[in-house]
Protein chains: 2
Amino acid sequence: MAQPDLQHRILEMKQALLDRGVSLTPRREKLLEVLIASDNHPSASEIHEGVRRYYPGTSLATIYNTIELLKETGQVLEIEFSGAANRYDGRIPDSHPHLICLECERVDDLQLPEDDGSLGEIAKATGYQIVRRRTDYYGICPECQIKQGGAAPSKGGDSTSDL
Amino acid sequence: MAQPDLQHRILEMKQALLDRGVSLTPRREKLLEVLIASDNHPSASEIHEGVRRYYPGTSLATIYNTIELLKETGQVLEIEFSGAANRYDGRIPDSHPHLICLECERVDDLQLPEDDGSLGEIAKATGYQIVRRRTDYYGICPECQIKQGGAAPSKGGDSTSDL
DNA sequence: TTAAATGCAAATTTTTTGCGTGATG
DNA sequence: CATCACGCAAAAAATTTGCATTTAA
C-alpha cells in the first residue's frame, strides 16, 4: 500500500506546497497521505473522513482549501462531475483518461497512451489554444457486471458501441 | 438559421418523443426549437429563457423534465460541468468531442473523427463494458485570445502542450 | 374522467465564502 | 504582532422532488 513511488509522490507534493510558500501543517500532510493512499480517486468528502480519523476536528472547508492549493500547483487532477462530488487524482496529476463505472462510481486510470500529437493539429484546425484534454470512458466495471448477473466479464466481452 | 438539416433534427426529436408515448405540448415543441436553434450548446437556464419568450409562464422544472425525456430517448447529449450549468447538444446527440473555452465558456463541436476502434481494445484490456466516451479539449477560443491582447490566433499558433 | 403536464416552492447536494479565533514564526 | 491556518456557519448555484392544479386525450 505504501509503495515507493507513492511515497515519492507525497514528497513531490509536499515540496510543491513548500515551494509555493504555504506551510505543511499536520492536517495537510495527512490529507496528502489519504489522497495518495486511496486506490479510487477519492472525493473531498472521502478525504475529509480519512483525515478526520486522525484529526477529528478537521473541517471540510480546510479540505477544499488544501485541494485548491494542490490544484494551483498542478499536484492534483480534478475530475469534475455534475450531479456527484468531484474526484481527485493525486497519483497521476497530469491529464490522462479515466474509466468511470456508471454503477458504482469507481474511477480507474486508463493506462493506454493518448495521442498528444493531435493536440497541435486540433489547435491548428480550430484556432483554439488548447490547455488540456479530458477523456473519460463511461461504462460498467467488471465487478458490477458480475453483480448484475451477467456472465464473467471475460476480458473482451461484447462492448457496446453505443456512442 | 433554419437550415434543412436542423429542421430535420427537430422532426427526429419530435418523432422520438412521440414514439416514447409522451405528448408534444407547445412548450415542448418550443423547447426543441430553442435547443436546435442555439449555436452554442445552451444550458437549461438558457433554454428556459428562450421558451419563456413564447410561453412566459414556463417553469424551469418543465425544462429539466423535458430534457430528461430527450436524454432517455437519446435525442440530446448532456455535457456535464461541475461548477457551472450543464450544456446540451441537440444537433449531434451522439458522443463526440468538444472544445470548451475556459474564458467565455463557449462550447464548440470538434469535427475530427474519433477512433472508435479503440473502444473495443479498451474494453478488452480493462474488462469494462464501455457505454460511451467523453472527450473535451479545454482552452482559449480564438475570440478570447484576441481579447486578451495576444496577437491574432493565426490558426496554428503555439498550442500549449501542458497536459 | 383518467393520466399526463405543469407551476411553484421546498429540498438536496456540492462547493465557496465570510468572519472570528487561535497558532506560529 | 502580523500572518496564516482553521472551524463554523451561512451563502450560492444547479438540479430534483413533492404537491396541487390544469390540461388534454
# chains A, B, ... in the order shown; residues from 1 in each chain; ligands from 1
>>> interface_residues(of="chain B", to="chain C", cutoff="12 Å", atoms="only C-alpha atoms (C1' of nucleotides)", output="MDAnalysis selection string")
chainID B and resid 21:28 56:66 82:84
>>> write_last_selection(atoms="N, CA, C and O atoms", output="PDB file, in the first residue's frame")
ATOM      1  N   GLY B  21     -44.193   7.813 -26.343  1.00  0.00           N
ATOM      2  CA  GLY B  21     -45.525   7.871 -25.776  1.00  0.00           C
ATOM      3  C   GLY B  21     -45.844   9.131 -25.000  1.00  0.00           C
ATOM      4  O   GLY B  21     -46.882   9.215 -24.356  1.00  0.00           O
ATOM      5  N   VAL B  22     -44.964  10.120 -25.065  1.00  0.00           N
ATOM      6  CA  VAL B  22     -45.278  11.372 -24.391  1.00  0.00           C
ATOM      7  C   VAL B  22     -45.879  12.337 -25.409  1.00  0.00           C
ATOM      8  O   VAL B  22     -45.662  12.208 -26.617  1.00  0.00           O
ATOM      9  N   SER B  23     -46.619  13.270 -24.934  1.00  0.00           N
ATOM     10  CA  SER B  23     -47.303  14.165 -25.862  1.00  0.00           C
ATOM     11  C   SER B  23     -46.455  15.394 -26.173  1.00  0.00           C
ATOM     12  O   SER B  23     -45.660  15.852 -25.373  1.00  0.00           O
ATOM     13  N   LEU B  24     -46.640  15.874 -27.383  1.00  0.00           N
ATOM     14  CA  LEU B  24     -45.880  17.035 -27.844  1.00  0.00           C
ATOM     15  C   LEU B  24     -46.656  18.303 -27.498  1.00  0.00           C
ATOM     16  O   LEU B  24     -47.422  18.815 -28.311  1.00  0.00           O
ATOM     17  N   THR B  25     -46.428  18.806 -26.336  1.00  0.00           N
ATOM     18  CA  THR B  25     -47.102  20.035 -25.938  1.00  0.00           C
ATOM     19  C   THR B  25     -46.412  21.229 -26.594  1.00  0.00           C
ATOM     20  O   THR B  25     -45.258  21.130 -27.025  1.00  0.00           O
ATOM     21  N   PRO B  26     -47.111  22.340 -26.672  1.00  0.00           N
ATOM     22  CA  PRO B  26     -46.494  23.528 -27.269  1.00  0.00           C
ATOM     23  C   PRO B  26     -45.177  23.907 -26.614  1.00  0.00           C
ATOM     24  O   PRO B  26     -44.214  24.243 -27.300  1.00  0.00           O
ATOM     25  N   ARG B  27     -45.143  23.838 -25.298  1.00  0.00           N
ATOM     26  CA  ARG B  27     -43.891  24.166 -24.621  1.00  0.00           C
ATOM     27  C   ARG B  27     -42.765  23.246 -25.061  1.00  0.00           C
ATOM     28  O   ARG B  27     -41.619  23.664 -25.253  1.00  0.00           O
ATOM     29  N   ARG B  28     -43.074  21.994 -25.197  1.00  0.00           N
ATOM     30  CA  ARG B  28     -42.025  21.040 -25.573  1.00  0.00           C
ATOM     31  C   ARG B  28     -41.567  21.277 -27.006  1.00  0.00           C
ATOM     32  O   ARG B  28     -40.369  21.197 -27.302  1.00  0.00           O
ATOM     33  N   PRO B  56     -44.423  32.632 -21.386  1.00  0.00           N
ATOM     34  CA  PRO B  56     -43.808  33.286 -20.223  1.00  0.00           C
ATOM     35  C   PRO B  56     -44.000  32.522 -18.918  1.00  0.00           C
ATOM     36  O   PRO B  56     -43.200  32.651 -17.999  1.00  0.00           O
ATOM     37  N   GLY B  57     -45.031  31.727 -18.830  1.00  0.00           N
ATOM     38  CA  GLY B  57     -45.281  31.047 -17.571  1.00  0.00           C
ATOM     39  C   GLY B  57     -44.444  29.802 -17.343  1.00  0.00           C
ATOM     40  O   GLY B  57     -44.479  29.207 -16.282  1.00  0.00           O
ATOM     41  N   THR B  58     -43.662  29.427 -18.364  1.00  0.00           N
ATOM     42  CA  THR B  58     -42.937  28.160 -18.271  1.00  0.00           C
ATOM     43  C   THR B  58     -41.960  28.115 -17.095  1.00  0.00           C
ATOM     44  O   THR B  58     -41.225  29.058 -16.868  1.00  0.00           O
ATOM     45  N   SER B  59     -41.999  27.012 -16.394  1.00  0.00           N
ATOM     46  CA  SER B  59     -41.093  26.886 -15.249  1.00  0.00           C
ATOM     47  C   SER B  59     -39.844  26.101 -15.628  1.00  0.00           C
ATOM     48  O   SER B  59     -39.847  25.290 -16.558  1.00  0.00           O
ATOM     49  N   LEU B  60     -38.799  26.363 -14.860  1.00  0.00           N
ATOM     50  CA  LEU B  60     -37.528  25.689 -15.113  1.00  0.00           C
ATOM     51  C   LEU B  60     -37.659  24.184 -14.924  1.00  0.00           C
ATOM     52  O   LEU B  60     -37.013  23.395 -15.625  1.00  0.00           O
ATOM     53  N   ALA B  61     -38.508  23.783 -14.001  1.00  0.00           N
ATOM     54  CA  ALA B  61     -38.683  22.348 -13.759  1.00  0.00           C
ATOM     55  C   ALA B  61     -39.166  21.642 -15.018  1.00  0.00           C
ATOM     56  O   ALA B  61     -38.758  20.507 -15.296  1.00  0.00           O
ATOM     57  N   THR B  62     -40.023  22.296 -15.768  1.00  0.00           N
ATOM     58  CA  THR B  62     -40.524  21.702 -17.005  1.00  0.00           C
ATOM     59  C   THR B  62     -39.391  21.537 -18.017  1.00  0.00           C
ATOM     60  O   THR B  62     -39.343  20.546 -18.755  1.00  0.00           O
ATOM     61  N   ILE B  63     -38.491  22.500 -18.040  1.00  0.00           N
ATOM     62  CA  ILE B  63     -37.341  22.376 -18.934  1.00  0.00           C
ATOM     63  C   ILE B  63     -36.517  21.152 -18.567  1.00  0.00           C
ATOM     64  O   ILE B  63     -36.206  20.308 -19.421  1.00  0.00           O
ATOM     65  N   TYR B  64     -36.199  21.039 -17.308  1.00  0.00           N
ATOM     66  CA  TYR B  64     -35.417  19.876 -16.874  1.00  0.00           C
ATOM     67  C   TYR B  64     -36.163  18.577 -17.153  1.00  0.00           C
ATOM     68  O   TYR B  64     -35.575  17.573 -17.568  1.00  0.00           O
ATOM     69  N   ASN B  65     -37.433  18.602 -16.918  1.00  0.00           N
ATOM     70  CA  ASN B  65     -38.256  17.420 -17.153  1.00  0.00           C
ATOM     71  C   ASN B  65     -38.189  16.982 -18.622  1.00  0.00           C
ATOM     72  O   ASN B  65     -37.982  15.796 -18.926  1.00  0.00           O
ATOM     73  N   THR B  66     -38.320  17.920 -19.516  1.00  0.00           N
ATOM     74  CA  THR B  66     -38.305  17.574 -20.934  1.00  0.00           C
ATOM     75  C   THR B  66     -36.906  17.168 -21.387  1.00  0.00           C
ATOM     76  O   THR B  66     -36.754  16.244 -22.192  1.00  0.00           O
ATOM     77  N   SER B  82     -19.060  20.729 -13.452  1.00  0.00           N
ATOM     78  CA  SER B  82     -19.124  20.723 -12.007  1.00  0.00           C
ATOM     79  C   SER B  82     -19.604  22.060 -11.456  1.00  0.00           C
ATOM     80  O   SER B  82     -20.672  22.165 -10.881  1.00  0.00           O
ATOM     81  N   GLY B  83     -18.819  23.090 -11.640  1.00  0.00           N
ATOM     82  CA  GLY B  83     -19.182  24.368 -11.039  1.00  0.00           C
ATOM     83  C   GLY B  83     -20.309  25.072 -11.775  1.00  0.00           C
ATOM     84  O   GLY B  83     -21.071  25.838 -11.189  1.00  0.00           O
ATOM     85  N   ALA B  84     -20.423  24.798 -13.050  1.00  0.00           N
ATOM     86  CA  ALA B  84     -21.352  25.542 -13.893  1.00  0.00           C
ATOM     87  C   ALA B  84     -22.511  24.668 -14.338  1.00  0.00           C
ATOM     88  O   ALA B  84     -22.566  23.478 -14.058  1.00  0.00           O
TER      89      ALA B  84
END
>>> interface_residues(of="chain D", to="chain B", cutoff="12 Å", atoms="only C-alpha atoms (C1' of nucleotides)", output="short mmCIF file (atom, residue, chain, number, x, y, z; two decimals) with C-alpha atoms (C1' of nucleotides), in the first residue's frame")
data_model
loop_
_atom_site.label_atom_id
_atom_site.label_comp_id
_atom_site.auth_asym_id
_atom_site.auth_seq_id
_atom_site.Cartn_x
_atom_site.Cartn_y
_atom_site.Cartn_z
"C1'" DA D 12 -24.51 30.06 -3.72
"C1'" DA D 13 -25.81 27.51 -7.51
"C1'" DA D 14 -27.80 23.64 -10.17
"C1'" DT D 15 -30.86 20.15 -10.13
"C1'" DT D 16 -34.57 17.27 -8.19
"C1'" DT D 17 -38.76 16.39 -5.88
"C1'" DT D 23 -54.71 20.44 -19.45
"C1'" DA D 24 -55.82 17.18 -22.66
"C1'" DA D 25 -56.64 12.67 -24.88
#
>>> closest_residue(among="A:Glu143, A:Glu80, A:Glu12, A:Glu105", to="chain B", atoms="only C-alpha atoms")
A:Glu80
>>> select_by_dssp(residues="chain A", states="helix (DSSP H, G or I)", output="ChimeraX atom specification")
/A:4-20,26-37,44-52,60-72,117-126,142-147
>>> closest_residue(among="A:Leu11, A:Ile36, A:Ile140, A:Ala123", to="Ile92 of chain A", atoms="only C-alpha atoms")
A:Ile36
>>> closest_residue(among="A:Glu68, A:Lys124, A:Asp19, A:Ser95", to="Gln111 of chain A", atoms="only C-alpha atoms")
A:Ser95
>>> closest_residue(among="B:His96, B:Arg133, B:Arg87, B:Arg106", to="chain A", atoms="only C-alpha atoms")
B:Arg133
>>> atom_distance(atom1="atom CA of Ile122 of chain A", atom2="atom CA of Gln145 of chain B")
15.8 Å
